[in-house]
>>> print(open('model.txt').read())   # compact mmCIF, C-alpha atoms
# COMPACT_ATOMS: atom_id res chain seq x y z
CA MET A 506 0.00 0.00 0.00
CA THR A 507 1.38 3.42 -0.91
CA LEU A 508 2.00 5.99 1.82
CA ASP A 509 -0.73 8.34 0.57
CA GLU A 510 -3.36 5.59 0.76
CA GLN A 511 -2.07 4.51 4.17
CA ILE A 512 -2.42 8.03 5.55
CA PHE A 513 -5.89 8.38 4.02
CA ARG A 514 -7.04 5.15 5.66
CA GLU A 515 -5.67 6.37 9.00
CA HIS A 516 -7.60 9.61 8.62
CA ILE A 517 -10.90 7.88 7.90
CA GLU A 518 -10.44 5.75 11.01
CA GLY A 519 -9.79 8.89 13.07
CA GLY A 520 -12.03 11.17 15.15
CA PRO A 521 -13.07 13.83 12.62
CA PHE A 522 -14.18 11.41 9.88
CA GLN A 523 -15.77 8.87 12.20
CA SER A 524 -17.61 11.61 14.11
CA GLY A 525 -19.15 12.96 10.92
CA ALA A 526 -20.06 9.45 9.82
CA ASP A 527 -21.69 8.65 13.18
CA LEU A 528 -23.68 11.89 12.93
CA GLY A 529 -24.98 10.74 9.54
CA LYS A 530 -23.20 13.44 7.55
CA TRP A 531 -21.19 11.16 5.25
CA GLN A 532 -20.40 7.53 4.53
CA LEU A 533 -17.39 5.88 2.93
CA ILE A 534 -18.52 3.68 0.04
CA ASP A 535 -15.34 2.39 -1.57
CA ILE A 536 -11.62 2.93 -1.98
CA ALA A 537 -10.10 2.11 -5.39
CA TRP A 538 -6.95 4.12 -4.91
CA PRO A 539 -6.32 6.88 -5.84
CA HIS A 540 -10.11 7.15 -6.19
CA VAL A 541 -12.37 7.20 -3.15
CA TYR A 542 -16.18 7.20 -3.20
CA ILE A 543 -18.06 8.93 -0.40
CA LYS A 544 -21.77 9.67 0.02
CA ILE A 545 -22.64 13.05 1.57
CA THR A 546 -26.10 13.50 3.09
CA ALA A 547 -28.37 16.21 1.71
CA THR A 548 -31.64 17.79 2.84
CA SER A 549 -34.24 15.57 1.24
CA ASN A 550 -37.93 15.18 0.50
CA GLU A 551 -39.98 12.87 -1.71
CA ASN A 552 -38.44 14.44 -4.84
CA TRP A 553 -34.90 15.11 -3.63
CA PRO A 554 -32.29 12.41 -3.06
CA PRO A 555 -31.13 11.80 0.52
CA PHE A 556 -27.47 11.99 -0.52
CA TYR A 557 -25.04 12.61 -3.36
CA CYS A 558 -22.08 10.39 -4.07
CA PHE A 559 -18.72 11.93 -4.93
CA GLN A 560 -15.64 10.51 -6.59
CA PHE A 561 -12.52 11.90 -4.93
CA GLU A 562 -9.11 11.70 -6.55
CA CYS A 563 -6.55 11.55 -3.77
CA ALA A 564 -3.11 10.90 -5.30
CA ASN A 565 -0.32 12.19 -2.98
CA TYR A 566 -2.78 12.71 -0.13
CA PRO A 567 -2.62 14.75 2.06
CA VAL A 568 0.20 16.90 0.69
CA ALA A 569 -1.38 17.47 -2.72
CA GLY A 570 -4.97 17.74 -1.52
CA VAL A 571 -7.99 16.20 -3.24
CA THR A 572 -10.40 16.94 -6.08
CA ALA A 573 -13.98 15.71 -6.36
CA ARG A 574 -16.96 15.46 -8.69
CA PRO A 575 -20.51 14.14 -8.30
CA TRP A 576 -20.69 10.46 -9.15
CA ASP A 577 -23.41 8.06 -10.29
CA LEU A 578 -22.96 5.01 -8.05
CA GLU A 579 -25.24 2.76 -10.09
CA LYS A 580 -23.82 3.58 -13.51
CA LYS A 581 -20.26 3.93 -12.15
CA GLU A 582 -19.69 7.15 -14.10
CA PRO A 583 -19.78 10.92 -13.52
CA LEU A 584 -23.26 12.05 -12.49
CA ASP A 585 -25.40 13.53 -15.26
CA THR A 586 -25.11 17.28 -14.78
CA LYS A 587 -28.91 17.61 -14.83
CA LYS A 588 -28.86 15.71 -11.52
CA TRP A 589 -26.20 17.89 -9.89
CA PRO A 590 -27.26 19.80 -6.77
CA GLY A 591 -28.99 23.10 -7.51
CA GLY A 592 -29.57 26.18 -5.42
CA LYS A 593 -30.25 29.89 -5.23
CA ASP A 594 -26.74 31.33 -5.01
CA ARG A 595 -23.94 29.66 -3.02
CA VAL A 596 -24.73 26.12 -4.16
CA PRO A 597 -24.77 26.71 -7.95
CA LYS A 598 -21.52 28.66 -7.66
CA VAL A 599 -19.82 25.53 -6.30
CA PHE A 600 -21.75 22.92 -8.30
CA ASN A 601 -21.21 24.52 -11.70
CA PRO A 602 -21.20 21.97 -14.53
CA GLY A 603 -20.35 24.77 -16.98
CA TRP A 604 -16.95 25.20 -15.37
CA ASN A 605 -13.92 23.01 -16.15
CA ASN A 606 -16.05 20.48 -18.07
CA ALA A 607 -17.74 19.41 -14.85
CA GLN A 608 -14.49 17.76 -13.72
CA CYS A 609 -14.56 19.17 -10.18
CA LEU A 610 -16.36 21.45 -7.75
CA TYR A 611 -15.62 25.19 -7.72
CA LEU A 612 -14.19 25.21 -4.21
CA PRO A 613 -11.01 26.64 -2.63
CA CYS A 614 -10.31 23.26 -1.00
CA ASP A 615 -10.33 21.49 -4.38
CA LYS A 616 -6.77 20.95 -5.67
CA ASN A 617 -7.83 21.49 -9.29
CA ALA A 618 -10.15 24.44 -8.68
CA ILE A 619 -7.57 26.42 -6.66
CA THR A 620 -5.25 26.59 -9.69
CA GLY A 621 -5.47 30.10 -11.09
CA HIS A 622 -7.29 31.45 -8.03
CA ASP A 623 -4.43 32.85 -5.94
CA LYS A 624 -6.75 35.32 -4.20
CA TRP A 625 -8.70 32.44 -2.67
CA HIS A 626 -5.81 31.87 -0.21
CA THR A 627 -6.61 35.17 1.50
CA GLN A 628 -10.34 35.34 0.75
CA TYR A 629 -11.23 31.89 2.11
CA PRO A 630 -8.39 30.90 4.51
CA ASN A 631 -10.45 28.34 6.40
CA TRP A 632 -11.34 26.54 3.15
CA ILE A 633 -7.75 26.27 1.90
CA TRP A 634 -6.21 22.79 1.92
CA LYS A 635 -3.01 22.61 3.94
CA THR A 636 -0.52 19.75 4.18
CA ASP A 637 -1.97 18.78 7.57
CA SER A 638 -5.60 18.93 6.39
CA ASP A 639 -7.74 15.81 6.18
CA ILE A 640 -10.65 14.78 3.94
CA THR A 641 -13.23 16.14 6.41
CA LEU A 642 -12.26 19.69 5.43
CA TYR A 643 -13.79 19.04 2.00
CA LEU A 644 -16.65 16.87 3.24
CA ASP A 645 -17.78 19.43 5.82
CA VAL A 646 -17.93 22.24 3.23
CA VAL A 647 -20.04 20.14 0.85
CA TYR A 648 -22.28 18.89 3.67
CA GLY A 649 -22.90 22.48 4.73
CA LEU A 650 -23.95 23.44 1.19
CA LEU A 651 -26.25 20.44 0.70
CA ASN A 652 -27.97 21.12 4.02
CA SER A 653 -28.34 24.86 3.68
CA SER A 654 -31.45 26.84 2.81
CA ASP A 655 -29.61 27.81 -0.40
CA TYR A 656 -29.91 24.22 -1.71
CA THR A 657 -33.06 23.62 -3.80
CA GLY A 658 -32.71 19.97 -4.77
CA PRO A 659 -31.29 18.51 -8.01
CA ARG A 660 -30.93 20.96 -10.91
CA GLY A 661 -33.48 19.20 -13.02
CA ALA A 662 -36.07 18.86 -10.24
CA MET B 78 -9.41 -11.06 24.95
CA LYS B 79 -10.22 -7.96 27.02
CA GLU B 80 -13.19 -6.09 25.59
CA THR B 81 -12.47 -2.53 24.53
CA ILE B 82 -14.70 0.38 23.57
CA GLU B 83 -13.98 3.47 21.52
CA VAL B 84 -15.05 6.93 22.65
CA TYR B 85 -14.62 10.42 21.22
CA LEU B 86 -12.40 12.56 23.42
CA GLN B 87 -11.87 16.33 23.38
CA GLY B 88 -10.31 18.91 25.73
CA PRO B 89 -8.12 22.02 25.66
CA GLY B 90 -5.30 21.01 23.32
CA VAL B 91 -7.12 17.83 22.28
CA ALA B 92 -9.08 18.03 19.03
CA ILE B 93 -11.72 15.37 18.52
CA THR B 94 -10.00 12.01 18.68
CA LEU B 95 -11.22 8.44 18.89
CA VAL B 96 -9.60 6.55 21.75
CA LYS B 97 -9.77 2.90 22.80
CA LEU B 98 -10.04 1.85 26.38
CA SER B 99 -10.91 -1.21 28.37
CA ALA B 100 -14.68 -1.66 28.68
CA ASP B 101 -14.29 -2.40 32.37
CA GLY B 102 -12.15 0.68 32.98
CA LYS B 103 -12.89 3.77 35.05
CA VAL B 104 -13.80 7.35 34.20
CA SER B 105 -10.34 8.40 35.44
CA ASP B 106 -8.80 6.35 32.59
CA LEU B 107 -10.13 9.02 30.24
CA ILE B 108 -8.10 11.69 32.03
CA GLU B 109 -4.94 9.65 31.45
CA GLN B 110 -5.86 9.20 27.80
CA ALA B 111 -6.48 12.93 27.42
CA ARG B 112 -3.08 13.75 28.95
CA GLU B 113 -1.42 11.35 26.54
CA LYS B 114 -3.14 13.13 23.66
CA GLY B 115 -1.77 16.52 24.79
CA LEU B 116 -4.36 17.90 27.23
CA LYS B 117 -3.20 21.42 28.12
CA ILE B 118 -3.35 21.28 31.90
CA GLY B 119 -0.69 21.09 34.61
CA ALA B 120 0.45 17.74 35.93
CA GLU B 121 -0.92 18.56 39.39
CA GLU B 122 -4.34 19.68 38.17
CA LYS B 123 -7.35 17.39 38.48
CA PRO B 124 -9.76 17.90 35.58
CA ASP B 125 -13.33 16.70 35.36
CA VAL B 126 -14.78 14.35 32.78
CA TRP B 127 -18.04 15.26 31.02
CA LEU B 128 -20.45 13.39 28.80
CA GLU B 129 -21.51 15.57 25.88
CA ASN B 130 -24.13 18.14 26.95
CA ALA B 131 -24.19 16.98 30.56
CA GLU B 132 -24.75 19.68 33.17
CA GLU B 133 -22.59 17.95 35.78
CA PRO B 134 -19.26 16.12 35.49
CA LEU B 135 -18.92 12.38 36.02
CA LYS B 136 -17.51 10.87 39.22
CA SER B 137 -13.91 9.96 38.36
CA GLY B 138 -13.99 6.79 40.47
CA SER B 139 -17.03 5.40 38.65
CA SER B 140 -16.72 2.62 36.16
CA LEU B 141 -17.43 3.51 32.55
CA ALA B 142 -20.63 1.48 32.72
CA GLU B 143 -21.81 3.18 35.94
CA ALA B 144 -21.13 6.56 34.32
CA GLY B 145 -23.18 5.64 31.24
CA ILE B 146 -20.20 5.73 28.90
CA LYS B 147 -20.79 3.47 25.92
CA SER B 148 -19.25 2.80 22.54
CA ARG B 149 -18.77 6.09 20.64
CA SER B 150 -19.83 8.24 23.60
CA ARG B 151 -18.59 11.83 23.29
CA ILE B 152 -16.46 12.97 26.21
CA HIS B 153 -14.77 16.18 27.31
CA VAL B 154 -11.97 16.59 29.87
CA HIS B 155 -11.49 20.05 31.41
CA THR B 156 -10.73 21.87 34.63
CA CYS B 157 -13.42 24.49 33.97
CA ARG B 158 -16.89 23.70 35.32
CA GLN B 159 -18.49 26.22 32.97
CA ILE B 160 -17.33 27.97 29.83
CA HIS B 161 -18.55 31.57 29.64
CA VAL B 162 -19.31 31.94 25.94
CA THR B 163 -19.73 35.28 24.20
CA VAL B 164 -21.26 35.52 20.72
CA ASN B 165 -21.10 38.74 18.70
CA PHE B 166 -23.44 39.61 15.81
CA ASN B 167 -24.48 42.88 14.19
CA ASN B 168 -22.81 45.05 16.85
CA GLU B 169 -24.54 43.16 19.65
CA SER B 170 -23.08 40.68 22.14
CA HIS B 171 -24.70 38.02 24.27
CA GLN B 172 -23.16 35.76 26.89
CA HIS B 173 -24.20 32.41 28.28
CA PRO B 174 -22.50 29.75 30.43
CA PHE B 175 -22.18 26.36 28.73
CA SER B 176 -20.87 23.05 29.98
CA PRO B 177 -17.38 22.35 28.50
CA SER B 178 -18.88 19.42 26.58
CA SER B 179 -21.52 21.53 24.81
CA THR B 180 -20.83 21.77 21.09
CA VAL B 181 -20.33 24.62 18.67
CA GLY B 182 -23.64 23.44 17.17
CA ASP B 183 -25.35 23.98 20.55
CA VAL B 184 -23.87 27.47 20.84
CA LYS B 185 -25.02 28.33 17.32
CA GLU B 186 -28.55 27.13 18.10
CA TRP B 187 -28.63 29.28 21.24
CA ALA B 188 -27.18 32.28 19.37
CA ALA B 189 -29.72 31.97 16.55
CA LYS B 190 -32.56 32.29 19.09
CA LYS B 191 -30.84 35.05 21.03
CA PHE B 192 -30.30 37.16 17.90
CA ASN B 193 -33.75 36.27 16.50
CA LEU B 194 -32.43 34.72 13.31
CA LYS B 195 -35.20 33.35 11.11
CA GLU B 196 -35.05 29.55 10.85
CA VAL B 197 -34.50 29.76 7.10
CA ASP B 198 -31.43 31.99 7.66
CA VAL B 199 -29.68 29.92 10.33
CA SER B 200 -27.88 27.68 7.84
CA GLU B 201 -26.46 30.80 6.13
CA TYR B 202 -24.44 31.71 9.23
CA VAL B 203 -21.53 30.08 11.03
CA LEU B 204 -19.55 30.70 14.21
CA GLN B 205 -15.99 31.99 13.86
CA VAL B 206 -13.54 32.14 16.78
CA CYS B 207 -13.10 35.84 17.66
CA GLY B 208 -10.00 37.42 16.19
CA THR B 209 -9.30 34.47 13.88
CA THR B 210 -10.50 32.94 10.62
CA ASN B 211 -11.17 29.64 12.37
CA ARG B 212 -14.72 28.38 11.70
CA PRO B 213 -14.85 25.16 13.71
CA LYS B 214 -16.98 22.16 12.83
CA GLU B 215 -20.23 21.97 14.79
CA ASP B 216 -19.23 18.78 16.64
CA THR B 217 -16.30 20.58 18.30
CA GLN B 218 -16.95 20.99 22.04
CA VAL B 219 -16.59 24.53 23.43
CA GLY B 220 -14.14 23.51 26.13
CA PHE B 221 -11.57 23.04 23.35
CA PHE B 222 -11.45 26.85 22.95
CA ALA B 223 -11.26 27.72 26.65
CA GLU B 224 -7.88 28.04 28.33
CA PRO B 225 -7.91 26.31 31.72
CA GLY B 226 -8.12 29.04 34.36
CA GLN B 227 -9.84 31.49 32.00
CA CYS B 228 -12.90 29.40 31.16
CA THR B 229 -14.10 31.71 28.39
CA ALA B 230 -14.71 31.39 24.67
CA CYS B 231 -15.72 34.00 22.11
CA PHE B 232 -17.30 33.62 18.68
CA ASP B 233 -18.53 35.94 15.96
CA LEU B 234 -21.67 34.87 14.09
CA VAL B 235 -20.74 35.53 10.45
CA PRO B 236 -22.31 34.87 7.05
CA GLU B 237 -21.34 31.63 5.35
CA GLN B 238 -18.85 32.10 2.56
CA ARG B 239 -19.87 32.55 -1.07
CA VAL B 240 -17.22 31.46 -3.58
CA GLU B 241 -16.45 34.15 -6.13
CA GLY B 242 -13.85 34.70 -8.81
>>> encode(input="model.txt", output="structure tokens")
Amino acid sequence: MTLDEQIFREHIEGGPFQSGADLGKWQLIDIAWPHVYIKITATSNENWPPFYCFQFECANYPVAGVTARPWDLEKKEPLDTKKWPGGKDRVPKVFNPGWNNAQCLYLPCDKNAITGHDKWHTQYPNWIWKTDSDITLYLDVVYGLLNSSDYTGPRGA
Amino acid sequence: MKETIEVYLQGPGVAITLVKLSADGKVSDLIEQAREKGLKIGAEEKPDVWLENAEEPLKSGSSLAEAGIKSRSRIHVHTCRQIHVTVNFNNESHQHPFSPSSTVGDVKEWAAKKFNLKEVDVSEYVLQVCGTTNRPKEDTQVGFFAEPGQCTACFDLVPEQRVEG
């Protein structure tokens, strides 16, 4: 097992990840390194799904950080953008399928999104991935968005 | 093989961590575990052990079972009996004493009522440690922010971030 995967597995056994899992915020589905699949709970009703699954790419974790995109667990492929989370303001800014070919979320803690956004380091310091960060930094941000009053269900709903 | 249980442990200097201990151990074992994890108190000090949201600390001589500590219980170790929490919002401040094992989520819920935030707006605000950019997760217990001997914590209620640019 490579060191990055070893460290990741230690982190998901640790307090921050396990606490969030026990509180029902997220659930590890699978590790197929360097890809990791995690469900994050969302506000739901009869028309909205209870969670979204995300594919994380975690090569060189934690030093390099992670990148993520919504994932279709059943079809084992990127989630159709019509089913991406929608919202009034904050949510569609992050879940923007028109940006970067829907390859990742528009978030300061995303290792692909931060490229070319130097100002984000000072604008959003608590959302910046550091070498001692763990996956719950990213998970907590997404959980907050999917359980906010800004979220309005899947885009196509 | 001796049965063990895992519990979540927090304290000043100890961010949320999952620790293993013997199922037939005592409450005082948690103090030793917290010290090993870097609890910021003097060697001569005798902290208390709290179940999450409890109003009174546990008896240190009790067994884990007698104290009601089970698998994945959430525990706090601190010398402060109360944390005097201040929350600032819109040029107003309110204070309230919380048990060290109360969470940031509990403080936010109290603050939302105190500042008359509409229910629909609550999720658009977060607590930020005063004078910092630290926006702790809601399962962090407030004792983590209180220096032993000072027993205070301060938060600003601020709008959630909106990614631009």
>>> interface_residues(input="model.txt", of="chain A", to="chain B", cutoff="7 Å", atoms="only C-alpha atoms", output="VMD selection string")
chain A and resid 519 to 521 595 598 612 630 to 631 653 to 654
>>> closest_residue(input="model.txt", among="A:Ile543, A:Tyr643, A:Leu651, A:Thr636", to="Val568 of chain A", atoms="all atoms listed in the file")
A:Thr636
>>> atom_distance(input="model.txt", atom1="atom CA of Thr229 of chain B", atom2="atom CA of Ile633 of chain A")
27.8 Å
>>> closest_residue(input="model.txt", among="B:Ser170, B:Thr156, B:Ser99, B:Thr180", to="Ala142 of chain B", atoms="only C-alpha atoms")
B:Ser99
>>> closest_residue(input="model.txt", among="B:Gly145, B:Gly226, B:Pro236, B:Gly208", to="Ala100 of chain B", atoms="all atoms listed in the file")
B:Gly145
>>> atom_distance(input="model.txt", atom1="atom CA of Gly88 of chain B", atom2="atom CA of His153 of chain B")
5.5 Å
>>> atom_distance(input="model.txt", atom1="atom CA of Val596 of chain A", atom2="atom CA of Val646 of chain A")
10.8 Å
>>> residues_around(input="model.txt", residues="Leu642 of chain A", least_positions_apart="2", cutoff="9 Å", atoms="all atoms listed in the file", output="list in words")
Cys614, Asn631, Trp632, Ile633, Trp634, Ser638, Asp639, Ile640, Leu644, Asp645 and Val646 of chain A
>>> closest_residue(input="model.txt", among="A:Tyr542, A:Leu533, A:Asp655, A:Leu610", to="Glu518 of chain A", atoms="only C-alpha atoms")
A:Leu533
>>> residues_near_point(input="model.txt", point="(-20.6, 23.2, -15.4)", cutoff="12 Å", atoms="all atoms listed in the file", output="tab-separated table (two decimals) with C-alpha atoms, in the frame of the given file")
chain	number	residue	atom	x	y	z
A	574	ARG	CA	-16.96	15.46	-8.69
A	575	PRO	CA	-20.51	14.14	-8.30
A	584	LEU	CA	-23.26	12.05	-12.49
A	585	ASP	CA	-25.40	13.53	-15.26
A	586	THR	CA	-25.11	17.28	-14.78
A	587	LYS	CA	-28.91	17.61	-14.83
A	588	LYS	CA	-28.86	15.71	-11.52
A	589	TRP	CA	-26.20	17.89	-9.89
A	590	PRO	CA	-27.26	19.80	-6.77
A	591	GLY	CA	-28.99	23.10	-7.51
A	597	PRO	CA	-24.77	26.71	-7.95
A	598	LYS	CA	-21.52	28.66	-7.66
A	599	VAL	CA	-19.82	25.53	-6.30
A	600	PHE	CA	-21.75	22.92	-8.30
A	601	ASN	CA	-21.21	24.52	-11.70
A	602	PRO	CA	-21.20	21.97	-14.53
A	603	GLY	CA	-20.35	24.77	-16.98
A	604	TRP	CA	-16.95	25.20	-15.37
A	605	ASN	CA	-13.92	23.01	-16.15
A	606	ASN	CA	-16.05	20.48	-18.07
A	607	ALA	CA	-17.74	19.41	-14.85
A	608	GLN	CA	-14.49	17.76	-13.72
A	609	CYS	CA	-14.56	19.17	-10.18
A	610	LEU	CA	-16.36	21.45	-7.75
A	611	TYR	CA	-15.62	25.19	-7.72
A	660	ARG	CA	-30.93	20.96	-10.91
>>> residues_near_point(input="model.txt", point="(-23.0, 15.0, 30.4)", cutoff="12 Å", atoms="all atoms listed in the file", output="VMD selection string")
chain B and resid 125 to 136 144 to 146 150 to 154 158 175 to 180 218
>>> residues_around(input="model.txt", residues="segment 554-562 of chain A", least_positions_apart="4", cutoff="6 Å", atoms="all atoms listed in the file", output="PyMOL selection string")
chain A and resi 539-547+549+571-576
